[in-house]
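For reference, the structure is listed below as structure tokens.
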Amino acid sequence: MRPFTYNRATDVAAAVEQVSLNKEAKFIAGGTNLLDLMKIDVMHPQHLVDITRLALNTIEDTANGGLRLGALVTNADTAYNEKVEQRYPLLSHAILAGASAQLRNKATDGGNLLQRTRCYYFYDKATPCNKREPGSGCSAKEGFNRIHAILGTSEHCIATHPSDMCVALAALEATVQVSGPNGDRAIPFADFHRLPGDTPHIDSNLKEDEIITAIELPAKGFEKNFTYLKLRDRQSYAFALVSVAAALDMDGNTIKEARIALGGVAHKPWRNTAAEEMLANQPATTENFRKVAETILQEAKGFKYNAFKIELAKRAIVRALQQAAKLEEGA
Amino acid sequence: MQTKYIGKSVSRVDGPAKVKGEAKYIAEFNEREHLHGYVISSRIAKGKITKLDASKALALDGVVEVFSHQNLPRLAWLDLSYKDMDAPPGSPFRPLYNNKIKFSMQPIALVVAKTFELARYASLLVEVEYEVEPHITNLEDNLDKAQEASGMRFGYEPPSSRGNFEAAYAEANVTLEESYFHGAEHHNPMEMHATTVFYEKDDTLTIYDKTQGVLNSQHYVAMIFGLSKDRVRVLSPFIGGAFGSALRPQYQLFLATLAALELKQSVKVVLTRQQMFSFSHRPITLQTMTLGASPDGKLQAIRHAAYSETSQFENYLENIVNWSGKLYSCDDVELEYKLVKLDTYSPLDMRAPGAATGVVALECAMDELSYKLNIDPLELRLRNYTDIQPGSKKPFSSKELRACYQQGAERFGWDKRNPQPRSMQEGHNLVGYGMATGIWDAMQLPARAKAVFTADGKLTVSSATADIGTGTYTIMTQIAAETLGLPLEQVTAQLGDSSMPLSLLEGGSATAASVGTAVMYVCQKLQKNLLKLARNLKNSPFAKAKLADVLFEDGNMILKNDPEVSIALTTILQQNDLKVLEKKATAMPNLLKQSRYARNTHSAVFVEVHVDEDLGTIIVKRVVSAIAGGRILNAKTAHSQILGGVVWGISMALQEDTFMDHTFGRFMNHDLAEYHVPVNADIRDIEVIFVEEQDKVASPIGVKGLGEIGLVGVAAAIANAIYHATGKRVRDLPITLDKVM
Ligand SMILES: Cc1cc2nc3c(=O)[nH]c(=O)nc-3n(C[C@H](O)[C@H](O)[C@H](O)COP(=O)(O)OP(=O)(O)OC[C@H]3O[C@@H](n4cnc5c(N)ncnc54)[C@H](O)[C@@H]3O)c2cc1C
Ligand code: SF4
């Protein structure tokens, strides 16, 4: 780990200024990802601006009936917040499917969005990696790529975004509130994370000197028909091989609106709204679900060790929708 | 025999200290000033270091030295000097010896600085350039390079075939040939490997080393650095797990000692979790089982062949195929064991080495055979049951495996199994029942112990053994308290110090039998001595008593025939004007007697799995493990050992796998986020049954050892249950969801 300087920011404007004036500075929140990466010298900011004391740690109702999650609320406090549990249970479930209790107590909602990939090569400086060292090559493409992406990959990077929380936020169509040197802006969730393209070292559309202040959830919470299904190599404390956030708005057995977001399959939480629309005003049947699943995975491309994810994702979508629609087992 | 402590559920005597953080692990000896070393690991798997420039690191204030091949002092140069007690045949790896790279993550330099953080930072400033040479790391691609496993090693038994396999196989009505594969596993104890060397004023070294054998570490250091043993004291009082990784001195011991001697200062070296993947591991192994049987299920021919990985410099040997010649009655058995040399570090014993691997192949093949024969898998085992060890034709010193099968099957409800694969279902879950047998050796090694009894009634027993979490402190205490009839609180056990009486490596499940017997002997010596002293007292009521006539209970010596007559042990010392009684004893295995018997522990494992029919997710719902492992010294620690073993089996079956990227010749998932072992959520019901055995042959104390048997067979039982649930036979471990979906 390289030496770094540190200060604790007292307000948002000061924090933004400190980072915008110093190219080598970074915000640190829970530190559960950044600090790990600093210890192994994958990230090496020279200055850390600690934002944990900023007044961004509350969960509040918004004027339009939604909910505003302060960027520094911990993952645990979010998941167990009564309003979240009642109005956005999909989000609670997704958060609780991630990491461990200890990590969730420390990790913040803003940090969760910006956690970096778990690609083994990204974590090991002895191997080339375009995300870590642009232009050095992608070791995973021909290497051990069991946990890698099947959708939206590029020749430069096939990494996934590892978050569970973000998969639910994508389905719920949250907006990310950010503040920068030029003022505040809101980024729709679908536009927050990026595909790797030829700039895999850039994970999101947040600028280096912008801070996330909050995540806003719209009024619609899909609290009646939802599922977060996470498939992984052990029952807890493992990242998703494939995860599905399914949210349905139903009228009897008819689906009015369907949202399906996938985790573990792409560089960002994956949505295909055109495919989702196939379910609008359709009966909730396994057959219909399978059709949507086929459509969502149509463009998927597997690599040596992760081709199984394509069929797994399809089956996971079907199961998640069955559960969300409360279909009889096996119906 | 009525016992007061032996066999009872005695809680760990070191438990409170561990819970309170008072039990210090190797990296925690901080009270004396010391320097910190940080290891630099090689980026490449094979080649040469062409440049190693430490000037930028050395320029930092607080960096003391950077050790590498460039400034290694003259050390022992014979291979023999580098051979520790557990070394396999070959030429042991010498850290920093020259500029050659033999495996990825090989230690190439040690940065020594005032703080750990500084040493770690300085390591980033050391400039290293390599000349890369092509490496080979893929076992399956290099089978043509396989060589007969040759050489000898402690505990290794070269496989011996018998009869005529070819002929018997040709005649068999029902035959089967299948191959089984598993990747590498790394021990990954919770405590990282670490060494703290205190450089004493008189130029002696006090070394705290994470080791399963303090005498092994002492020997290693003394030989390499040319020190007499009285200059080197090695201690390892508490060990945060080891599972075999600390059987051999690992490179942090060499590096910390080197730095301490060169700098004449105290030095600590702690490896990182990533570096825990840079040395010993369970070898990648490919096995082929060929079975021939008669229609009524009698095994007529067994062939078991294994290809295992080893390093370029040592032939790591373990007993993989031998079990197939020992478990079932069969006259014609062919065993073959070959090694493929790869550019990796030498593998090393990992909990149930060889058996954990070999029994998977044997017991999965037996399961496959049972379907071919249309015979219940348990019934097939019973039809081939043997009370005489086949091959050697020796009787077993004890073997309650039949009772294990019966009790295990009954408790599990094996009779509720529908023999048809994919016939049992609960909702989306396919339900499968599977079983397997386990076998391991019962061993007793020479061991010595000392006992010191003081006039205040306190007894201290000691031996230079280790407690890797198995409960050695506790059973030593129990045995001593039982033998001398003292309250447990009056007895203290000490271990993990090279100045204590000899004990060999803590491994092979032999410690309880070996050290336990030595402790019993030394306390029996004390008994005799106390009786003699009591007899000599004036008007002693014990004047005519022999050892058989007295009892030791509650701190007293009592006449058996007349329990009214008793004397406190402390009184015996006081009346003899003695402050202490001190005895030493040696427990040598009775080789002559033991050689007439086959000595093994056995188990029968029954497993229920639930496999999601669409998603392939696997849950091990229930395990019943019935163990025939000799005498149980402590019901609680014994139970824990088997629970841990079963969890290891679940891990091996479903999760554990260190993945090697052959482009880089490097294990890639080298941290505990991506190298998976079970978490609580993975572990459901585990039930342990002990079928006790009376066995004074295996060891005088009746113990056969329990550290390993709990693991053997579990992975096979799970694989078999998965087949029963799904109709899919997966022959490469771990069985992840993609292989069954
Ligand atoms: C072993 C392990 C297992 C895990 N398993 C899972 C899992 O299964 N599922 C899952 O979803 N997650 C998992 N996590 C990841 C965990 O959720 C993230 O590490 C955590 O959410 C990051 O939050 P933090 O506050 O600690 O971020 P930090 O580590 O403090 O920061 C991460 C990044 O975000 C930036 N940042 C933080 N806050 C802000 C802000 N307000 N504005 C702008 N930039 C900001 C930092 O500069 C940094 O670059 C796991 C982590 C570990 C270590
Ligand atoms: S997948 Fe992306 S993160 Fe992984 S090695 Fe390739 S470029 Fe690096």
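We name chains A, B, ... following the order of the structure tokens; residues begin at 1 in each chain, and ligands are numbered from 1 as shown.
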
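Of all the residues in segment 66-99 of chain A, the ones DSSP labels as strand (DSSP E) from the backbone are Leu67, Arg68, Leu69 and Gly70 of chain A.
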
Could those residues be written to a file, using all heavy atoms, as a short mmCIF file (atom, residue, chain, number, x, y, z; two decimals), in the first residue's frame?
```cif
data_model
loop_
_atom_site.label_atom_id
_atom_site.label_comp_id
_atom_site.auth_asym_id
_atom_site.auth_seq_id
_atom_site.Cartn_x
_atom_site.Cartn_y
_atom_site.Cartn_z
N LEU A 67 -38.96 7.53 -2.41
CA LEU A 67 -38.11 7.49 -1.22
C LEU A 67 -36.71 7.90 -1.63
O LEU A 67 -36.24 7.53 -2.71
CB LEU A 67 -38.12 6.06 -0.65
CG LEU A 67 -37.82 5.87 0.84
CD1 LEU A 67 -38.81 6.61 1.72
CD2 LEU A 67 -37.85 4.37 1.16
N ARG A 68 -36.08 8.65 -0.74
CA ARG A 68 -34.74 9.14 -1.05
C ARG A 68 -33.76 8.50 -0.07
O ARG A 68 -33.87 8.67 1.15
CB ARG A 68 -34.75 10.65 -0.88
CG ARG A 68 -33.51 11.35 -1.30
CD ARG A 68 -33.68 12.86 -0.98
NE ARG A 68 -32.37 13.46 -0.84
CZ ARG A 68 -31.72 14.04 -1.84
NH1 ARG A 68 -32.27 14.13 -3.03
NH2 ARG A 68 -30.51 14.54 -1.65
N LEU A 69 -32.82 7.75 -0.60
CA LEU A 69 -31.83 7.07 0.24
C LEU A 69 -30.55 7.88 0.23
O LEU A 69 -29.93 8.04 -0.83
CB LEU A 69 -31.50 5.66 -0.30
CG LEU A 69 -32.67 4.77 -0.73
CD1 LEU A 69 -32.13 3.50 -1.41
CD2 LEU A 69 -33.52 4.40 0.48
N GLY A 70 -30.16 8.42 1.36
CA GLY A 70 -28.91 9.17 1.43
C GLY A 70 -27.74 8.26 1.04
O GLY A 70 -27.73 7.08 1.36
#
```

Chain A contacts to chain B at 6 Å (only C-alpha atoms) as an mmCIF file with C-alpha atoms, in the first residue's frame:
```
data_model
loop_
_atom_site.group_PDB
_atom_site.id
_atom_site.type_symbol
_atom_site.label_atom_id
_atom_site.label_comp_id
_atom_site.auth_asym_id
_atom_site.auth_seq_id
_atom_site.Cartn_x
_atom_site.Cartn_y
_atom_site.Cartn_z
ATOM 1 C CA MET A 1 0.000 0.000 0.000
ATOM 2 C CA ARG A 2 1.306 3.413 -0.942
ATOM 3 C CA ALA A 126 0.924 -9.993 -12.175
ATOM 4 C CA GLN A 235 -25.563 -20.232 -0.021
#
```

Quick one: which chain A residues come within 6 Å of ligand 1, and what is the nearest atom pair for each with the distance in Å to one decimal, counting only C-alpha atoms and all ligand atoms, rows ordered by chain and ascending number, as a Markdown table?
```
| residue | atom | partner | partner_atom_place_in_ligand_line | distance |
| --- | --- | --- | --- | --- |
| A:Lys26 | CA | ligand 1 | 47 (O) | 4.9 |
| A:Phe27 | CA | ligand 1 | 47 (O) | 3.9 |
| A:Ile28 | CA | ligand 1 | 30 (O) | 4.2 |
| A:Ala29 | CA | ligand 1 | 30 (O) | 3.4 |
| A:Gly30 | CA | ligand 1 | 26 (O) | 3.3 |
| A:Gly31 | CA | ligand 1 | 30 (O) | 3.2 |
| A:Thr32 | CA | ligand 1 | 26 (O) | 3.7 |
| A:Asn33 | CA | ligand 1 | 29 (O) | 3.5 |
| A:Leu34 | CA | ligand 1 | 29 (O) | 3.8 |
| A:Ala71 | CA | ligand 1 | 41 (N) | 5.1 |
| A:Gly98 | CA | ligand 1 | 8 (O) | 3.4 |
| A:Ala99 | CA | ligand 1 | 5 (N) | 3.2 |
| A:Ala107 | CA | ligand 1 | 26 (O) | 3.8 |
| A:Thr108 | CA | ligand 1 | 25 (O) | 3.7 |
| A:Gly110 | CA | ligand 1 | 41 (N) | 4.4 |
| A:Gly111 | CA | ligand 1 | 23 (O) | 3.5 |
| A:Asn112 | CA | ligand 1 | 21 (O) | 3.2 |
| A:Leu114 | CA | ligand 1 | 34 (O) | 4.3 |
| A:Gln115 | CA | ligand 1 | 32 (C) | 4.9 |
| A:Pro162 | CA | ligand 1 | 11 (O) | 5.8 |
| A:Ser163 | CA | ligand 1 | 11 (O) | 3.2 |
| A:Asp164 | CA | ligand 1 | 11 (O) | 3.9 |
| A:Met165 | CA | ligand 1 | 11 (O) | 5.5 |
| A:Ile211 | CA | ligand 1 | 42 (N) | 3.7 |
| A:Ile212 | CA | ligand 1 | 42 (N) | 3.8 |
| A:Thr213 | CA | ligand 1 | 41 (N) | 5.7 |
| A:Tyr237 | CA | ligand 1 | 8 (O) | 5.6 |
| A:Ala238 | CA | ligand 1 | 8 (O) | 5.0 |
| A:Phe239 | CA | ligand 1 | 8 (O) | 4.0 |
```

Selection file, C-alpha atoms, as an mmCIF file, in the first residue's frame:
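Wrote it out as result_31.cif, contents follow:
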```cif
data_model
loop_
_atom_site.group_PDB
_atom_site.id
_atom_site.type_symbol
_atom_site.label_atom_id
_atom_site.label_comp_id
_atom_site.auth_asym_id
_atom_site.auth_seq_id
_atom_site.Cartn_x
_atom_site.Cartn_y
_atom_site.Cartn_z
ATOM 1 C CA LYS A 26 -10.795 9.867 -4.043
ATOM 2 C CA PHE A 27 -13.789 9.732 -1.777
ATOM 3 C CA ILE A 28 -13.874 7.008 0.788
ATOM 4 C CA ALA A 29 -17.083 5.840 2.410
ATOM 5 C CA GLY A 30 -17.313 2.429 4.088
ATOM 6 C CA GLY A 31 -13.962 1.532 2.574
ATOM 7 C CA THR A 32 -14.942 -2.109 2.132
ATOM 8 C CA ASN A 33 -13.917 -2.070 -1.499
ATOM 9 C CA LEU A 34 -11.544 0.851 -1.904
ATOM 10 C CA ALA A 71 -25.660 8.023 -0.168
ATOM 11 C CA GLY A 98 -25.144 -9.610 -0.856
ATOM 12 C CA ALA A 99 -21.908 -9.780 1.101
ATOM 13 C CA ALA A 107 -20.850 -0.570 3.238
ATOM 14 C CA THR A 108 -22.758 2.496 2.078
ATOM 15 C CA GLY A 110 -23.241 5.190 -2.655
ATOM 16 C CA GLY A 111 -20.206 2.937 -2.356
ATOM 17 C CA ASN A 112 -22.220 -0.063 -3.419
ATOM 18 C CA LEU A 114 -19.239 2.195 -7.335
ATOM 19 C CA GLN A 115 -17.794 -1.105 -6.160
ATOM 20 C CA PRO A 162 -20.842 -7.455 -8.938
ATOM 21 C CA SER A 163 -23.535 -5.609 -7.012
ATOM 22 C CA ASP A 164 -26.845 -7.104 -5.920
ATOM 23 C CA MET A 165 -28.349 -3.861 -4.719
ATOM 24 C CA ILE A 211 -20.211 12.793 -5.441
ATOM 25 C CA ILE A 212 -23.310 10.693 -5.115
ATOM 26 C CA THR A 213 -25.592 12.388 -2.646
ATOM 27 C CA TYR A 237 -21.257 -14.633 1.034
ATOM 28 C CA ALA A 238 -20.535 -15.176 -2.625
ATOM 29 C CA PHE A 239 -21.098 -12.969 -5.613
#
```

What do you get as number ranges by chain if you pick all residues at most 7 Å from ligand 2, counting only C-alpha atoms and all ligand atoms? A: 117, 119-122, 128-132, 137-141, 148, 156-159, 200

Print the selection's residues with C-alpha atoms to a file, as an mmCIF file, in the first residue's frame.
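The resulting file, result.cif, is reproduced below:
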```cif
data_model
loop_
_atom_site.group_PDB
_atom_site.id
_atom_site.type_symbol
_atom_site.label_atom_id
_atom_site.label_comp_id
_atom_site.auth_asym_id
_atom_site.auth_seq_id
_atom_site.Cartn_x
_atom_site.Cartn_y
_atom_site.Cartn_z
ATOM 1 C CA THR A 117 -15.531 -5.847 -10.552
ATOM 2 C CA CYS A 119 -12.537 -10.287 -11.992
ATOM 3 C CA TYR A 120 -9.555 -12.299 -10.690
ATOM 4 C CA TYR A 121 -7.174 -10.671 -13.147
ATOM 5 C CA PHE A 122 -8.238 -7.190 -12.136
ATOM 6 C CA PRO A 128 -2.598 -7.950 -17.828
ATOM 7 C CA CYS A 129 -5.962 -6.247 -17.382
ATOM 8 C CA ASN A 130 -7.398 -3.403 -19.419
ATOM 9 C CA LYS A 131 -9.560 -2.229 -16.581
ATOM 10 C CA ARG A 132 -6.629 -1.891 -14.225
ATOM 11 C CA GLY A 137 -4.902 -6.634 -22.545
ATOM 12 C CA CYS A 138 -7.728 -8.708 -21.106
ATOM 13 C CA SER A 139 -6.519 -11.910 -19.459
ATOM 14 C CA ALA A 140 -10.002 -13.146 -18.710
ATOM 15 C CA LYS A 141 -11.142 -13.494 -22.302
ATOM 16 C CA HIS A 148 -17.589 -13.156 -16.274
ATOM 17 C CA HIS A 156 -11.401 -5.240 -24.283
ATOM 18 C CA CYS A 157 -13.199 -6.437 -21.185
ATOM 19 C CA ILE A 158 -15.708 -9.079 -20.173
ATOM 20 C CA ALA A 159 -16.032 -8.167 -16.505
ATOM 21 C CA PRO A 200 -13.220 -0.635 -19.595
#
```

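Counting only C-alpha atoms, the residue from A:Lys106, A:His201, A:Arg290, A:His93 that sits nearest to Glu311 of chain A is A:Arg290.
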
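One finds atom CA of Ile26 of chain B at 12.7 Å from atom CA of Val214 of chain B.
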
Using DSSP on the backbone coordinates, identify all residues within segment 102-328 of chain A classified as alpha helix (DSSP H); present the result as a count of residues only. 52

Contacts of segment 235-237 of chain B within 7 Å, only C-alpha atoms, excl. fewer than 5 positions in-chain, as number ranges by chain: B: 207-211, 214, 495-498

Selection from above, all heavy atoms, as a compact mmCIF listing (two decimals), in the first residue's frame, can you write it?
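Produced file selection_0.txt, reproduced below:
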```txt
# COMPACT_ATOMS: atom_id res chain seq x y z
N ILE B 207 12.12 -18.47 18.62
CA ILE B 207 11.32 -18.38 17.38
C ILE B 207 9.89 -18.83 17.63
O ILE B 207 9.65 -19.96 18.06
CB ILE B 207 11.94 -19.28 16.29
CG1 ILE B 207 13.40 -18.86 16.02
CG2 ILE B 207 11.11 -19.21 15.01
CD1 ILE B 207 14.10 -19.70 14.95
N TYR B 208 8.96 -17.94 17.40
CA TYR B 208 7.55 -18.33 17.39
C TYR B 208 7.19 -18.63 15.94
O TYR B 208 7.27 -17.75 15.08
CB TYR B 208 6.67 -17.21 17.95
CG TYR B 208 6.84 -17.05 19.44
CD1 TYR B 208 7.82 -16.21 19.97
CD2 TYR B 208 6.03 -17.77 20.32
CE1 TYR B 208 7.99 -16.09 21.35
CE2 TYR B 208 6.20 -17.65 21.69
CZ TYR B 208 7.18 -16.81 22.20
OH TYR B 208 7.35 -16.71 23.55
N ASP B 209 6.83 -19.86 15.69
CA ASP B 209 6.58 -20.26 14.31
C ASP B 209 5.26 -21.00 14.24
O ASP B 209 4.94 -21.80 15.11
CB ASP B 209 7.71 -21.17 13.83
CG ASP B 209 7.56 -21.58 12.37
OD1 ASP B 209 7.15 -20.73 11.56
OD2 ASP B 209 7.85 -22.76 12.05
N LYS B 210 4.51 -20.73 13.19
CA LYS B 210 3.29 -21.50 12.99
C LYS B 210 3.71 -22.85 12.46
O LYS B 210 4.11 -22.98 11.30
CB LYS B 210 2.38 -20.83 11.98
CG LYS B 210 1.08 -21.59 11.74
CD LYS B 210 0.30 -21.00 10.59
CE LYS B 210 -0.95 -21.81 10.32
NZ LYS B 210 -2.05 -21.46 11.19
N THR B 211 3.66 -23.86 13.31
CA THR B 211 4.13 -25.17 12.89
C THR B 211 3.38 -26.27 13.61
O THR B 211 2.92 -26.09 14.74
CB THR B 211 5.64 -25.33 13.15
OG1 THR B 211 6.03 -26.67 12.83
CG2 THR B 211 6.00 -25.06 14.61
N VAL B 214 7.30 -28.27 16.44
CA VAL B 214 8.34 -27.32 16.84
C VAL B 214 9.73 -27.93 16.65
O VAL B 214 10.68 -27.23 16.29
CB VAL B 214 8.17 -26.85 18.31
CG1 VAL B 214 7.07 -25.80 18.39
CG2 VAL B 214 7.90 -28.00 19.25
N LEU B 495 2.55 -27.49 25.76
CA LEU B 495 3.02 -28.09 24.51
C LEU B 495 3.57 -27.00 23.61
O LEU B 495 3.60 -25.83 23.98
CB LEU B 495 1.86 -28.85 23.83
CG LEU B 495 0.51 -28.14 23.61
CD1 LEU B 495 0.56 -27.14 22.48
CD2 LEU B 495 -0.56 -29.16 23.31
N GLY B 496 4.02 -27.41 22.43
CA GLY B 496 4.46 -26.41 21.44
C GLY B 496 5.72 -25.67 21.84
O GLY B 496 5.81 -24.46 21.67
N ASP B 497 6.71 -26.38 22.38
CA ASP B 497 7.96 -25.74 22.78
C ASP B 497 9.07 -26.77 22.57
O ASP B 497 9.02 -27.87 23.12
CB ASP B 497 7.85 -25.32 24.26
CG ASP B 497 9.10 -24.60 24.74
OD1 ASP B 497 10.17 -24.73 24.11
OD2 ASP B 497 9.00 -23.92 25.78
N SER B 498 10.07 -26.39 21.78
CA SER B 498 11.11 -27.37 21.44
C SER B 498 11.95 -27.78 22.65
O SER B 498 12.70 -28.75 22.57
CB SER B 498 12.02 -26.81 20.34
OG SER B 498 12.65 -25.63 20.78
```

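Across B:His69, B:Glu708, B:Pro421, B:Ile375, the tightest approach to Gly244 of chain B is made by B:Glu708 when counting only C-alpha atoms.
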
Compile the contact shell of Thr295 of chain A as a PyMOL selection string: residues with an atom at most 12 Å away, counting only C-alpha atoms, same-chain residues fewer than 6 positions apart removed. chain A and resi 260+271-279+288-289+310+313-314+317

Kindly indicate which residue among A:Asn22, A:Lys83, A:Phe4, A:Thr175 lies nearest to Gln46 of chain A, using only C-alpha atoms for the distances. A:Phe4

Can you pull out every residue within 9 Å of Leu573 of chain B, counting only C-alpha atoms, but drop anything in the same chain fewer than 4 positions away, and send it as a PyMOL selection string? chain B and resi 454-455+530+533-534+569+577-581

If we count only C-alpha atoms, what is near segment 61-63 of chain B at a cut-off of 7 Å, once residues fewer than 4 positions away on the same chain are taken out, given as a VMD selection string? chain B and resid 57 112 to 114 119

Can you write just those residues out, all heavy atoms, as an mmCIF file, in the first residue's frame?
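The file below, result.cif, is the result:
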```
data_model
loop_
_atom_site.group_PDB
_atom_site.id
_atom_site.type_symbol
_atom_site.label_atom_id
_atom_site.label_comp_id
_atom_site.auth_asym_id
_atom_site.auth_seq_id
_atom_site.Cartn_x
_atom_site.Cartn_y
_atom_site.Cartn_z
ATOM 1 N N ALA B 57 13.655 1.204 -2.692
ATOM 2 C CA ALA B 57 13.078 0.739 -1.422
ATOM 3 C C ALA B 57 14.013 1.082 -0.266
ATOM 4 O O ALA B 57 13.593 1.588 0.772
ATOM 5 C CB ALA B 57 12.832 -0.769 -1.484
ATOM 6 N N VAL B 112 12.695 -5.722 4.724
ATOM 7 C CA VAL B 112 12.612 -5.597 6.177
ATOM 8 C C VAL B 112 12.596 -4.116 6.544
ATOM 9 O O VAL B 112 13.454 -3.347 6.094
ATOM 10 C CB VAL B 112 13.798 -6.300 6.864
ATOM 11 C CG1 VAL B 112 13.663 -6.217 8.382
ATOM 12 C CG2 VAL B 112 13.877 -7.760 6.420
ATOM 13 N N ALA B 113 11.593 -3.751 7.338
ATOM 14 C CA ALA B 113 11.443 -2.337 7.690
ATOM 15 C C ALA B 113 10.928 -2.206 9.114
ATOM 16 O O ALA B 113 10.562 -3.197 9.747
ATOM 17 C CB ALA B 113 10.493 -1.666 6.719
ATOM 18 N N LYS B 114 10.874 -0.963 9.561
ATOM 19 C CA LYS B 114 10.452 -0.703 10.944
ATOM 20 C C LYS B 114 8.998 -1.067 11.186
ATOM 21 O O LYS B 114 8.614 -1.434 12.295
ATOM 22 C CB LYS B 114 10.673 0.786 11.271
ATOM 23 C CG LYS B 114 12.143 1.162 11.346
ATOM 24 C CD LYS B 114 12.499 1.661 12.736
ATOM 25 C CE LYS B 114 13.952 1.460 13.092
ATOM 26 N NZ LYS B 114 14.865 2.373 12.369
ATOM 27 N N ALA B 119 7.225 -1.793 5.105
ATOM 28 C CA ALA B 119 7.813 -2.914 4.362
ATOM 29 C C ALA B 119 6.951 -3.241 3.143
ATOM 30 O O ALA B 119 7.450 -3.485 2.042
ATOM 31 C CB ALA B 119 7.951 -4.131 5.268
#
```

Name all residues at most 9 Å from Asn315 of chain B (count only C-alpha atoms; drop same-chain ones fewer than 2 positions away) and give them as number ranges by chain. B: 88-91, 149-151, 309-313, 317, 339, 341, 346-347

To one decimal place in Å, what is the distance between atom CA of Ala186 of chain A and atom CA of Val16 of chain A? 16.0 Å

Which of B:Gly325, B:Pro734, B:Gly21, B:Pro295 sits closest to Pro390 of chain B [using only C-alpha atoms]: B:Gly325

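Candidate residues B:Leu559, B:Ile642, B:Leu537, B:Val340 were compared for distance to Ile572 of chain B, and the nearest is B:Leu537, using only C-alpha atoms.
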
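Atom CA of Pro446 of chain B sits 11.7 Å away from atom CA of Ala512 of chain B.
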